[in-house]
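I have placed the structure first, in the form of structure tokens, so that the comments after it can refer back to it.
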Amino acid sequence: MKTALFLLRKLASDRTAALGALLILMLVVAAIAAPVLSTHPGDVSEFHPPERLQGPSLEHFFGTDRMGSDIYSRILFGARITISIAVIAIGVSVLIGVPIGLIAGYYRNWVSDALMRVSDVFLAVPQIVLAIAIAQTLGPSIENVILALSVTYWPFWARLVYSETRSALNETYVEASIALGASPWRVMLLHVLPNISSSVIVRTTIGMGGTILTAATLGFLGLGPPAPTPEWGRMIAESREFLPEAWWYATAPGLAIFLVVMGFNLLGDGLRDILDPRTRRSVDG
Amino acid sequence: MTLLSLKHGLARFGAAAFLALGALTAQPMTAIAGGKFVFANSSAYDTLDPHAVFDVGRVASRINMYDGLMRWQDNPPVLKPWLAEKVDVSDDGLTYTFTLRDAKFHDGSPVEASDVVYSIDRILEMKKGAYSLFEGTIAIGSTKAPDAKTVVFTLSKPSAVFLATVPEIYVVNEEVVTANYDGDDLGTTWLSKNGAGSGSFKLKRYDPAIGWQAERFDDHFFGWDMVDDPLDSIEFRTVVEINSRVLGLMNGDFHGTDGYLPQDQVKRLRDSDDVYVDEQESMRIFYSIIHNGREPMSDQNFRKALSYSFDYDGFINDILSGSVARDPVPLPNNMWGAPADVEGYTYDLEKAKEYLDKVEGDIPEITIGALAGYGQTEQAAALLQNGLNKIGIKTKIVAEPWPVASGKMRDEEQMYDLLFLWKSTYYADPNNWLGEMYACEQIGARNNSWYCNEEVDKLLSEARTSTDQELRKANYEKANMMLMEDAAGIYIYNTKWFGPFNKKVKGVRFSPIGNGQEMRWVSME
């Protein structure tokens, strides 16, 4: 509780991090309250061809799309998809990557080597290429995007936790608890993990931005959820046919992605400053 | 006895050379180097082998670099003798004797009857591309070359459409292809990136990722006298992004692109100073395949409910800005055999519900297929989903790229419940649509609806084998009505072609077969 309060106070004093937190808060509110905030909640699955491609107006804040649906409402509902993809994919990556990193870091045997070489294989292929290959093979859907992202993201956490664990093992408090006869699991979970959690939190926050961007890329390439799902990347892909005349069509989802990714990056930077002073930005140093 | 003379073909030529351009504001924006025409192609040329593919997206390599015995030209399409000087058909309709003209391959050797025999046998052996047109009608080895100038085709059963499909027998140079066999691959590896034809243009460069370039073949049999200033070279470059094609056309990088762009882009091109849009009636229907072999689509009532749930007016008038014509039957309405004054299905959810109530049993989630990257199919799928949603049918849209979808179309289990797509003209005969889409013997090959209705099938097979034009016409009209009544598919529209070209480009001859991409008639100012 104390640490949480401390964190919040620190965050509030860091203006850019606070801006990031605010943007993410907006995303969460948009996702939860989409049915209330949207002006045309039915437009996720309802179309009005006679009203297609209308510019921004009081009736349609961000204009209408190729089917005559309200883009503003669709973006709000799209926030739900974005959040669920990012949270689940990152959650799974953390759940896979952190234990692997811990085990590989703690033990110094062939199991550790094998785990790290496997994660090296994943890291050797550009993450987006691997995700495209997986999503393409399995077919376009939200579940497959989440799967593709989880499968390709976990090695980042495994690597991070591995190196952090290795350095934590040299610390006196770890040596002391091992000397006192603590079991490997006890050392890993009660002594190492809490002390490396700050780096994991920072990586996770920044990773959210990257995941959202990758998910939007997959959607843009047609590998995300199929039409008429209001996925942001897919909305931009749809709008290409109508550029530059219908500029609002691409601009609105583009801005949404930009703001959310920036939000996570700003917050991640702020958290790193607070939690991990070693890599603090030089301006503050 | 049918006799088509070359003179007849030549006489028709003059008319199409003229093209109304409106006021020409001729102020060259970018210089064109030596009459080179650059066409921005929407899909990639993954192979140049004329016997490996049979689609409209990759027609230009076949039609420009290879010749067939006959050729479809102009609009409405007319079948003209091409490499052949004349053709004699026996009275029983089983023997076709073609007499070849003097023609040369690109390597200078003469085009001989043995090359034609080799080409048809190669198609039949490869079992790819246009193979399904000849399967069952011509057997391997049945085609003979009594002398260097005479080819005799012997059909194993009468076919009213054989002549119409002859243009797809592109003649390759037997000597060159056989010299490049890799094992028993029939030269497919080599011919996929090299040329061995006699066509108006000779391959110069090819890269599957970029496209291909070809130079004018001065020794082409047809000669070049009819065109004042023929093109020196042509390039078909792959440009997948619609916006890149349109912008490239507007700033003069490209001189032409496909004529089926979204209307919003056509409007943009029309407003541009350097581009004109050639508008033509075409033959390319847009419809949804219904998997008739699977429940609940096997129930006519359910199919009728589907047909009443599509917003035809909204799609045609709003989404496509009225640029196409409603076509309630599976045959282009400007093709003979299409019944006149048909009242098709309308967007009527009350009627849809009525028919839905007659369907017994639970209705599972229906999968609607669309072609990824083809916005129109996705929009149509979404519109149908909207309608079905309102009468309480749950649906799921799956958009997959054409190679994936066309693979699934041939598999009864994998085929989508519904799939939106176009059916283009490969040869101008009603069999191109009805006969292939709904004949029982085509199930799994070109009949992707798994639709087999004895009565319809009888009409179609009678029309396919008869030479009595009146009977054929009557049969097709009747089959159209029955298919519509039976709601075998959801029939939506027939396309117009809006071919955008740089204003310097003259002499384009549009034909629904080849889509105006036969470049030998074209010149540039």
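Identifiers for the structure tokens are assigned positionally: chains receive A, B, ... in sequence, residues are indexed from 1 per chain, and ligands are indexed from 1 in the order shown.
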Task: Residues of chain B within 7 Å of chain A, only C-alpha atoms counted, as a VMD selection string - done: chain B and resid 242 to 243 264 314 318 to 319 372 378 382 386 397 to 399
Polymer residues at most 12 Å from Gly101 of chain A, only C-alpha atoms, same-chain spacing of 3 or more positions, as a tab-separated table (two decimals) with N, CA and C atoms, in the first residue's frame:
```
chain	number	residue	atom	x	y	z
A	93	SER	N	2.63	-13.72	-22.09
A	93	SER	CA	4.08	-13.61	-22.29
A	93	SER	C	4.80	-13.56	-20.95
A	94	VAL	N	4.25	-12.78	-20.00
A	94	VAL	CA	4.87	-12.66	-18.68
A	94	VAL	C	4.82	-14.01	-17.97
A	95	LEU	N	3.67	-14.66	-18.05
A	95	LEU	CA	3.50	-15.94	-17.37
A	95	LEU	C	4.45	-17.01	-17.93
A	96	ILE	N	4.73	-16.93	-19.21
A	96	ILE	CA	5.67	-17.90	-19.79
A	96	ILE	C	7.11	-17.45	-19.57
A	97	GLY	N	7.36	-16.17	-19.87
A	97	GLY	CA	8.73	-15.67	-19.90
A	97	GLY	C	9.39	-15.58	-18.53
A	98	VAL	N	8.65	-15.12	-17.51
A	98	VAL	CA	9.26	-14.91	-16.20
A	98	VAL	C	9.72	-16.23	-15.57
A	104	ALA	N	16.09	-20.54	-15.71
A	104	ALA	CA	17.33	-20.52	-16.48
A	104	ALA	C	18.40	-19.71	-15.76
A	105	GLY	N	17.98	-18.66	-15.07
A	105	GLY	CA	18.95	-17.82	-14.38
A	105	GLY	C	19.46	-18.47	-13.10
A	106	TYR	N	18.61	-19.20	-12.44
A	106	TYR	CA	18.99	-19.77	-11.14
A	106	TYR	C	19.92	-20.96	-11.32
A	107	TYR	N	19.52	-21.86	-12.18
A	107	TYR	CA	20.35	-23.05	-12.37
A	107	TYR	C	21.43	-22.77	-13.39
A	111	VAL	N	19.65	-27.54	-18.62
A	111	VAL	CA	18.27	-27.05	-18.73
A	111	VAL	C	18.29	-25.54	-18.97
A	112	SER	N	19.11	-24.87	-18.19
A	112	SER	CA	19.23	-23.43	-18.34
A	112	SER	C	19.70	-23.07	-19.74
A	113	ASP	N	20.72	-23.77	-20.22
A	113	ASP	CA	21.23	-23.50	-21.57
A	113	ASP	C	20.15	-23.74	-22.62
A	114	ALA	N	19.45	-24.87	-22.49
A	114	ALA	CA	18.43	-25.21	-23.48
A	114	ALA	C	17.35	-24.13	-23.53
A	115	LEU	N	16.88	-23.71	-22.35
A	115	LEU	CA	15.81	-22.69	-22.31
A	115	LEU	C	16.26	-21.40	-22.99
A	116	MET	N	17.49	-21.00	-22.70
A	116	MET	CA	17.96	-19.73	-23.26
A	116	MET	C	18.21	-19.83	-24.76
A	117	ARG	N	18.69	-21.01	-25.23
A	117	ARG	CA	18.91	-21.14	-26.66
A	117	ARG	C	17.57	-21.10	-27.41
A	118	VAL	N	16.54	-21.71	-26.80
A	118	VAL	CA	15.22	-21.67	-27.44
A	118	VAL	C	14.74	-20.22	-27.55
A	119	SER	N	14.92	-19.47	-26.47
A	119	SER	CA	14.46	-18.08	-26.54
A	119	SER	C	15.31	-17.29	-27.53
A	154	TRP	N	7.18	-13.71	-25.37
A	154	TRP	CA	7.71	-14.18	-24.10
A	154	TRP	C	9.23	-14.15	-23.99
A	155	PRO	N	10.01	-14.36	-25.11
A	155	PRO	CA	11.46	-14.40	-24.93
A	155	PRO	C	12.04	-13.09	-24.39
A	156	PHE	N	11.34	-11.97	-24.65
A	156	PHE	CA	11.86	-10.70	-24.12
A	156	PHE	C	11.90	-10.73	-22.60
A	157	TRP	N	10.85	-11.29	-22.00
A	157	TRP	CA	10.80	-11.37	-20.54
A	157	TRP	C	11.77	-12.42	-20.03
A	158	ALA	N	11.87	-13.52	-20.76
A	158	ALA	CA	12.78	-14.58	-20.34
A	158	ALA	C	14.21	-14.04	-20.29
A	159	ARG	N	14.61	-13.31	-21.32
A	159	ARG	CA	15.96	-12.73	-21.38
A	159	ARG	C	16.20	-11.77	-20.21
A	160	LEU	N	15.23	-10.89	-20.04
A	160	LEU	CA	15.36	-9.86	-19.01
A	160	LEU	C	15.48	-10.50	-17.64
A	161	VAL	N	14.56	-11.41	-17.31
A	161	VAL	CA	14.54	-12.03	-15.99
A	161	VAL	C	15.79	-12.88	-15.80
A	162	TYR	N	16.24	-13.51	-16.86
A	162	TYR	CA	17.44	-14.34	-16.79
A	162	TYR	C	18.64	-13.51	-16.33
A	163	SER	N	18.86	-12.38	-17.02
A	163	SER	CA	20.06	-11.60	-16.67
A	163	SER	C	19.92	-10.95	-15.30
A	164	GLU	N	18.70	-10.52	-14.98
A	164	GLU	CA	18.48	-9.92	-13.66
A	164	GLU	C	18.70	-10.96	-12.56
A	165	THR	N	18.22	-12.19	-12.82
A	165	THR	CA	18.37	-13.25	-11.83
A	165	THR	C	19.85	-13.57	-11.62
A	166	ARG	N	20.58	-13.64	-12.74
A	166	ARG	CA	22.01	-13.94	-12.64
A	166	ARG	C	22.72	-12.91	-11.76
A	188	MET	N	14.01	-18.27	-5.35
A	188	MET	CA	13.54	-17.62	-6.59
A	188	MET	C	12.32	-16.75	-6.34
A	192	VAL	N	14.54	-13.49	-5.07
A	192	VAL	CA	14.95	-12.92	-6.37
A	192	VAL	C	13.81	-12.14	-7.02
A	193	LEU	N	12.67	-12.79	-7.16
A	193	LEU	CA	11.57	-12.17	-7.92
A	193	LEU	C	11.17	-10.79	-7.40
A	196	ILE	N	13.60	-8.16	-8.55
A	196	ILE	CA	13.73	-7.81	-9.98
A	196	ILE	C	12.39	-7.36	-10.56
A	200	VAL	N	10.68	-5.85	-14.46
A	200	VAL	CA	9.62	-6.55	-15.18
A	200	VAL	C	8.44	-5.62	-15.41
```
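Interatomic distance, atom CA of Arg186 of chain A against atom CA of Leu7 of chain A: 27.1 Å.
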Excluding Ser307 of chain B and its own-chain neighbours fewer than 4 positions away, which residues fall within 8 Å of it when counting only C-alpha atoms? Please give them as a compact mmCIF listing (two decimals) with C-alpha atoms, in the first residue's frame.
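Writing done, so here's around20.txt:
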```
# COMPACT_ATOMS: atom_id res chain seq x y z
CA ARG B 303 -31.54 -20.05 -49.63
CA TYR B 345 -34.95 -10.89 -55.32
CA THR B 346 -35.20 -7.65 -53.39
CA TYR B 347 -34.13 -6.63 -49.91
CA ALA B 352 -36.91 -13.54 -45.63
CA ALA B 487 -31.93 -19.41 -55.20
CA GLY B 489 -26.71 -18.39 -55.34
CA ILE B 490 -27.19 -14.73 -54.43
```
Open item on the list: Just list as a ChimeraX atom specification whatever in segment 71-234 of chain A DSSP marks as alpha helix (DSSP H).
Closed with: /A:71-106,110-124,127-138,142-168,172-179,184-186,193-220,232-234
Restrict the selected residues to C-alpha atoms and save them as a compact mmCIF listing (two decimals), in the first residue's frame.
```
# COMPACT_ATOMS: atom_id res chain seq x y z
CA ILE A 71 -16.30 6.06 -36.86
CA TYR A 72 -16.27 7.63 -33.39
CA SER A 73 -18.49 4.89 -31.99
CA ARG A 74 -16.49 2.18 -33.69
CA ILE A 75 -13.23 3.52 -32.27
CA LEU A 76 -14.67 3.38 -28.75
CA PHE A 77 -15.66 -0.25 -29.21
CA GLY A 78 -12.32 -0.91 -30.89
CA ALA A 79 -10.64 0.12 -27.62
CA ARG A 80 -12.09 -3.02 -26.04
CA ILE A 81 -10.42 -5.21 -28.64
CA THR A 82 -7.14 -3.34 -28.32
CA ILE A 83 -7.09 -3.65 -24.55
CA SER A 84 -8.05 -7.28 -24.48
CA ILE A 85 -5.44 -8.21 -27.08
CA ALA A 86 -2.70 -6.27 -25.28
CA VAL A 87 -3.55 -7.43 -21.76
CA ILE A 88 -3.99 -11.10 -22.60
CA ALA A 89 -0.99 -11.31 -24.93
CA ILE A 90 1.30 -9.54 -22.48
CA GLY A 91 -0.12 -11.49 -19.55
CA VAL A 92 0.60 -14.79 -21.25
CA SER A 93 4.08 -13.61 -22.29
CA VAL A 94 4.87 -12.66 -18.68
CA LEU A 95 3.50 -15.94 -17.37
CA ILE A 96 5.67 -17.90 -19.79
CA GLY A 97 8.73 -15.67 -19.90
CA VAL A 98 9.26 -14.91 -16.20
CA PRO A 99 9.36 -18.52 -14.90
CA ILE A 100 11.60 -19.54 -17.77
CA GLY A 101 13.94 -16.65 -17.06
CA LEU A 102 13.97 -17.44 -13.34
CA ILE A 103 14.74 -21.13 -13.79
CA ALA A 104 17.33 -20.52 -16.48
CA GLY A 105 18.95 -17.82 -14.38
CA TYR A 106 18.99 -19.77 -11.14
CA TRP A 110 21.92 -27.90 -19.49
CA VAL A 111 18.27 -27.05 -18.73
CA SER A 112 19.23 -23.43 -18.34
CA ASP A 113 21.23 -23.50 -21.57
CA ALA A 114 18.43 -25.21 -23.48
CA LEU A 115 15.81 -22.69 -22.31
CA MET A 116 17.96 -19.73 -23.26
CA ARG A 117 18.91 -21.14 -26.66
CA VAL A 118 15.22 -21.67 -27.44
CA SER A 119 14.46 -18.08 -26.54
CA ASP A 120 17.45 -17.01 -28.68
CA VAL A 121 15.88 -18.77 -31.63
CA PHE A 122 12.69 -16.75 -31.16
CA LEU A 123 14.66 -13.52 -30.75
CA ALA A 124 16.72 -14.19 -33.87
CA GLN A 127 9.16 -10.51 -33.96
CA ILE A 128 6.69 -9.04 -36.47
CA VAL A 129 7.72 -11.54 -39.15
CA LEU A 130 7.15 -14.44 -36.81
CA ALA A 131 3.80 -13.04 -35.68
CA ILE A 132 2.69 -12.60 -39.31
CA ALA A 133 3.72 -16.16 -40.13
CA ILE A 134 1.78 -17.57 -37.18
CA ALA A 135 -1.33 -15.46 -37.71
CA GLN A 136 -1.33 -16.26 -41.44
CA THR A 137 -1.03 -19.98 -40.84
CA LEU A 138 -3.77 -20.13 -38.23
CA ILE A 142 -8.66 -12.21 -32.41
CA GLU A 143 -7.64 -15.44 -30.68
CA ASN A 144 -4.95 -16.13 -33.24
CA VAL A 145 -3.56 -12.61 -32.99
CA ILE A 146 -3.29 -13.04 -29.22
CA LEU A 147 -1.64 -16.42 -29.71
CA ALA A 148 0.79 -15.07 -32.30
CA LEU A 149 1.77 -12.18 -30.05
CA SER A 150 2.14 -14.32 -26.91
CA VAL A 151 4.28 -16.89 -28.67
CA THR A 152 6.61 -14.23 -30.04
CA TYR A 153 6.79 -11.92 -27.02
CA TRP A 154 7.71 -14.18 -24.10
CA PRO A 155 11.46 -14.40 -24.93
CA PHE A 156 11.86 -10.70 -24.12
CA TRP A 157 10.80 -11.37 -20.54
CA ALA A 158 12.78 -14.58 -20.34
CA ARG A 159 15.96 -12.73 -21.38
CA LEU A 160 15.36 -9.86 -19.01
CA VAL A 161 14.54 -12.03 -15.99
CA TYR A 162 17.44 -14.34 -16.79
CA SER A 163 20.06 -11.60 -16.67
CA GLU A 164 18.48 -9.92 -13.66
CA THR A 165 18.37 -13.25 -11.83
CA ARG A 166 22.01 -13.94 -12.64
CA SER A 167 23.09 -10.64 -11.14
CA ALA A 168 20.75 -11.01 -8.14
CA THR A 172 24.72 -11.09 -0.34
CA TYR A 173 21.08 -11.56 0.69
CA VAL A 174 20.63 -14.35 -1.82
CA GLU A 175 23.88 -16.00 -0.83
CA ALA A 176 22.79 -15.69 2.80
CA SER A 177 19.41 -17.34 2.25
CA ILE A 178 20.99 -20.15 0.24
CA ALA A 179 23.53 -20.61 3.05
CA PRO A 184 15.64 -23.06 -4.81
CA TRP A 185 11.93 -22.21 -5.21
CA ARG A 186 11.95 -20.20 -2.01
CA LEU A 193 11.57 -12.17 -7.92
CA PRO A 194 10.55 -9.29 -5.64
CA ASN A 195 13.90 -7.65 -6.22
CA ILE A 196 13.73 -7.81 -9.98
CA SER A 197 10.01 -7.03 -10.25
CA SER A 198 10.58 -3.35 -10.99
CA SER A 199 12.39 -4.13 -14.27
CA VAL A 200 9.62 -6.55 -15.18
CA ILE A 201 6.95 -3.93 -14.53
CA VAL A 202 8.77 -1.35 -16.66
CA ARG A 203 9.30 -3.83 -19.49
CA THR A 204 5.66 -4.86 -19.31
CA THR A 205 4.38 -1.30 -19.53
CA ILE A 206 6.55 -0.42 -22.49
CA GLY A 207 5.77 -3.81 -24.01
CA MET A 208 2.06 -2.98 -23.98
CA GLY A 209 2.66 -0.14 -26.44
CA GLY A 210 4.66 -2.39 -28.73
CA THR A 211 2.02 -5.10 -28.56
CA ILE A 212 -0.77 -2.72 -29.48
CA LEU A 213 1.29 -1.51 -32.43
CA THR A 214 2.00 -5.06 -33.59
CA ALA A 215 -1.64 -6.06 -33.15
CA ALA A 216 -2.68 -3.07 -35.25
CA THR A 217 -0.11 -4.06 -37.88
CA LEU A 218 -1.57 -7.55 -38.06
CA GLY A 219 -5.05 -6.05 -38.31
CA PHE A 220 -3.85 -3.73 -41.06
CA TRP A 232 -8.14 -0.06 -35.34
CA GLY A 233 -5.52 -1.50 -37.69
CA ARG A 234 -8.23 -2.97 -39.90
```
All strand (DSSP E) positions in segment 12-169 of chain B, as a PDB file with C-alpha atoms, in the first residue's frame:
```pdb
ATOM      1  CA  LYS B  36       6.883   2.379 -73.751  1.00  0.00           C
ATOM      2  CA  PHE B  37       3.611   1.534 -72.094  1.00  0.00           C
ATOM      3  CA  VAL B  38       3.655   0.839 -68.368  1.00  0.00           C
ATOM      4  CA  PHE B  39       0.635  -0.952 -66.947  1.00  0.00           C
ATOM      5  CA  ALA B  40       0.149  -1.080 -63.180  1.00  0.00           C
ATOM      6  CA  ASN B  41      -1.081  -4.587 -62.463  1.00  0.00           C
ATOM      7  CA  MET B  70      -8.393 -18.113 -82.563  1.00  0.00           C
ATOM      8  CA  ARG B  71      -8.793 -14.927 -80.576  1.00  0.00           C
ATOM      9  CA  TRP B  72     -11.654 -13.113 -78.854  1.00  0.00           C
ATOM     10  CA  GLN B  73     -11.681  -9.433 -79.688  1.00  0.00           C
ATOM     11  CA  VAL B  78     -16.203 -11.631 -81.515  1.00  0.00           C
ATOM     12  CA  LEU B  79     -14.267 -14.844 -82.126  1.00  0.00           C
ATOM     13  CA  LYS B  80     -11.716 -14.319 -84.899  1.00  0.00           C
ATOM     14  CA  PRO B  81      -9.203 -16.571 -86.608  1.00  0.00           C
ATOM     15  CA  ALA B  84      -5.320 -20.181 -87.963  1.00  0.00           C
ATOM     16  CA  GLU B  85      -6.330 -19.008 -91.394  1.00  0.00           C
ATOM     17  CA  LYS B  86      -9.540 -20.984 -91.393  1.00  0.00           C
ATOM     18  CA  VAL B  87     -11.313 -23.737 -89.573  1.00  0.00           C
ATOM     19  CA  ASP B  88     -13.515 -26.497 -90.966  1.00  0.00           C
ATOM     20  CA  VAL B  89     -15.926 -28.319 -88.732  1.00  0.00           C
ATOM     21  CA  THR B  95     -13.661 -32.934 -86.054  1.00  0.00           C
ATOM     22  CA  TYR B  96     -12.142 -29.450 -86.258  1.00  0.00           C
ATOM     23  CA  THR B  97      -9.537 -28.892 -88.939  1.00  0.00           C
ATOM     24  CA  PHE B  98      -7.463 -25.722 -88.601  1.00  0.00           C
ATOM     25  CA  THR B  99      -5.231 -24.402 -91.368  1.00  0.00           C
ATOM     26  CA  LEU B 100      -2.318 -22.377 -90.036  1.00  0.00           C
ATOM     27  CA  LYS B 144      -3.023 -34.794 -85.122  1.00  0.00           C
ATOM     28  CA  ALA B 145      -0.841 -32.829 -87.516  1.00  0.00           C
ATOM     29  CA  PRO B 146      -1.166 -34.396 -90.978  1.00  0.00           C
ATOM     30  CA  ASP B 147       1.146 -31.737 -92.383  1.00  0.00           C
ATOM     31  CA  THR B 150      -2.898 -28.526 -90.715  1.00  0.00           C
ATOM     32  CA  VAL B 151      -4.108 -29.409 -87.233  1.00  0.00           C
ATOM     33  CA  VAL B 152      -6.995 -31.799 -86.665  1.00  0.00           C
ATOM     34  CA  PHE B 153      -8.778 -31.869 -83.320  1.00  0.00           C
ATOM     35  CA  THR B 154     -11.034 -34.850 -82.719  1.00  0.00           C
TER      36      THR B 154
END
```
Open item on the list: Using Å and a single decimal, report how far atom CA of Glu518 of chain B sits from atom CA of Phe222 of chain B.
Closed with: 13.4 Å
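Atom pair atom CA of Asn180 of chain B / atom CA of Ser61 of chain B has a distance of 19.8 Å (rounded to one decimal).
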- [ ] Please identify all polymer residues within 6 Å of Gly263 of chain A, counting only C-alpha atoms, omitting same-chain residues fewer than 2 positions from it, and present them as an NGL selection string.
- [x] :A and (20 or 23-24 or 259-261 or 265-266)
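For Ser198 of chain B, the non-local neighbours within 8 Å, defined as residues at least 4 positions apart in the same chain or in other chains and counting only C-alpha atoms, are Met65, Tyr66, Asp67, Ala103, Lys104, Phe105, His106, Val111, Val171, Val172, Lys202 and His220 of chain B.
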Residues of segment 115-225 of chain B at most 8 Å from segment 410-429 of chain B: nearest atom pair and distance in Å, only C-alpha atoms, as JSON lines:
```
{"residue": "B:Val161", "atom": "CA", "partner": "B:Asp429", "partner_atom": "CA", "distance": 7.1}
{"residue": "B:Ala164", "atom": "CA", "partner": "B:Tyr427", "partner_atom": "CA", "distance": 5.8}
{"residue": "B:Thr165", "atom": "CA", "partner": "B:Tyr427", "partner_atom": "CA", "distance": 6.1}
```
What would the file look like if the residues just selected were written as a short mmCIF file (atom, residue, chain, number, x, y, z; two decimals), in the first residue's frame with N, CA and C atoms?
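Output (again_21.cif):
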```
data_model
loop_
_atom_site.label_atom_id
_atom_site.label_comp_id
_atom_site.auth_asym_id
_atom_site.auth_seq_id
_atom_site.Cartn_x
_atom_site.Cartn_y
_atom_site.Cartn_z
N VAL B 161 -19.09 -25.50 -77.27
CA VAL B 161 -18.23 -24.41 -76.80
C VAL B 161 -16.76 -24.63 -77.15
N ALA B 164 -15.12 -21.78 -78.90
CA ALA B 164 -15.02 -20.61 -78.03
C ALA B 164 -13.84 -20.71 -77.08
N THR B 165 -13.40 -21.94 -76.79
CA THR B 165 -12.30 -22.10 -75.84
C THR B 165 -10.95 -22.27 -76.53
#
```
Open item on the list: as number ranges by chain, please: the residues near segment 478-485 of chain B (cut-off 9 Å, only C-alpha atoms, same-chain neighbours under 6 positions excluded).
Closed with: B: 304, 328-331, 337-339, 342, 344-345, 434, 438, 455-457, 459-460, 491
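Using only C-alpha atoms, the shortest contact distance between Leu269 of chain B and any of B:Lys503, B:His291, B:Lys157, B:Arg216 is found at B:Lys503.
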Find the residues near Phe221 of chain B: any atom within 9 Å, counting only C-alpha atoms, skip ones fewer than 3 places away on the same chain, and give them as a short mmCIF file (atom, residue, chain, number, x, y, z; two decimals) with C-alpha atoms, in the first residue's frame.
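Result file selection_10.cif:
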```cif
data_model
loop_
_atom_site.label_atom_id
_atom_site.label_comp_id
_atom_site.auth_asym_id
_atom_site.auth_seq_id
_atom_site.Cartn_x
_atom_site.Cartn_y
_atom_site.Cartn_z
CA LEU B 83 -2.87 -18.15 -85.93
CA ARG B 101 -0.98 -19.13 -91.42
CA ASP B 102 2.69 -18.39 -91.92
CA ALA B 103 3.91 -17.31 -88.55
CA LYS B 104 7.20 -17.24 -86.70
CA SER B 198 5.03 -16.16 -81.22
CA GLY B 199 3.03 -13.28 -79.76
CA SER B 200 3.12 -9.60 -80.61
CA ASP B 218 8.55 -7.03 -85.60
CA TRP B 224 2.08 -3.84 -87.70
#
```
